[in-house]
Amino acid sequence: MDEKIIDRAYDSFRIEAESLAATAEVLDRGEFARAVEALSTAERIGASGCGHSGICCQHFCHLMCCIERPARFIYPSEAVHGALGFIQKGDVMVLVSRGGKTDELMQIADICRGKGATLIAVTENLSSPLAEKSDIVLAMKVTRECDIYNCQGTTSFAVTSAIFDALQAAVLENTGFRNEKFAVIHPGGAVGKRLNKK
């Protein structure tokens with residue numbers, strides 16, 4: 001194998017690290033705090049995105065459930081066929097689109113706004129239609145994707161996941177969530193054994 005291929009692959013660590021650092025610079029602390037407060041108080045949390053963004057949203061919903069914040073990933077295709085009945089007034093809907101122009105999310109945003117839900121957008125394009133429709137905008141910064149063609153959702157996935165991880169860490173503390181509660185709902189695996197050790 002050409003050694004240059006391995007070198008380019010290892011560049012992924014540098015590329016993603018640079019974008020994570022850049023995101024920490026552009027992510028507005030005030031907007032982040034507003035998102036944490038909304039997620040901490042909402043009765044229900046929904047999240048939606050397409051492709052890699054959607055997969056990252058599924059991870060986010062799991063993180064929220066692990067700290068007893070009821071959350072559900074809503075597939076964009078199902079959202080406009082009744083699934084948005086899950087979202088009620090006062091709930092939070094998180095929509096992720098790097099470019100902020102994903103067609104499938106525009107109708108979801110309009111429906112949620114009409115229902116009185118709080119919209120949180122995660123996007124790189126702060127002047128995008130999605131950002132304009134949202135109540136809270138969390139900025140991301142992607143210097144480039146990791147692959148040679150700069151098109152696979154690699155770095156953008158890592159950055160979005162990091163934003164969600166940071167939200168989870170803040171919501172956990174803001175709600176006073178205790179490890180004792182996590183032990184009850186997470187008895188499985190090595191973590192469960194450690195938390196439930198007598």
# chains A, B, ... in the order shown; residues from 1 in each chain; ligands from 1
$ residues_around --residues "Leu63 in chain A" --least-positions-apart "4" --cutoff "7 Å" --atoms "only C-alpha atoms" --output "ChimeraX atom specification"
/A:59,67,168
$ closest_atom_pairs --of "range 112-197 of chain A" --to "range 14-30 of chain A" --cutoff "7 Å" --atoms "only C-alpha atoms" --output "Markdown table"
| residue | atom | partner | partner_atom | distance |
| --- | --- | --- | --- | --- |
| A:Leu138 | CA | A:Leu27 | CA | 6.1 |
| A:Ala139 | CA | A:Leu27 | CA | 5.0 |
| A:Met140 | CA | A:Thr23 | CA | 5.0 |
| A:Lys141 | CA | A:Thr23 | CA | 4.8 |
| A:Val142 | CA | A:Ser19 | CA | 5.1 |
| A:Thr143 | CA | A:Ser19 | CA | 5.6 |
| A:Cys146 | CA | A:Ile15 | CA | 6.6 |
| A:Thr155 | CA | A:Glu16 | CA | 5.3 |
| A:Ala158 | CA | A:Glu16 | CA | 7.0 |
| A:Val159 | CA | A:Leu20 | CA | 5.8 |
$ atom_distance --atom1 "CA of Met93 in chain A" --atom2 "CA of Leu119 in chain A"
5.0 Å
$ select_by_dssp --residues "range 28-155 of chain A" --states "alpha helix (DSSP H)" --output "VMD selection string"
chain A and resid 29 to 41 52 to 66 76 to 79 103 to 115 129 to 133 155
$ atom_distance --atom1 "CA of Leu126 in chain A" --atom2 "CA of Arg72 in chain A"
25.4 Å
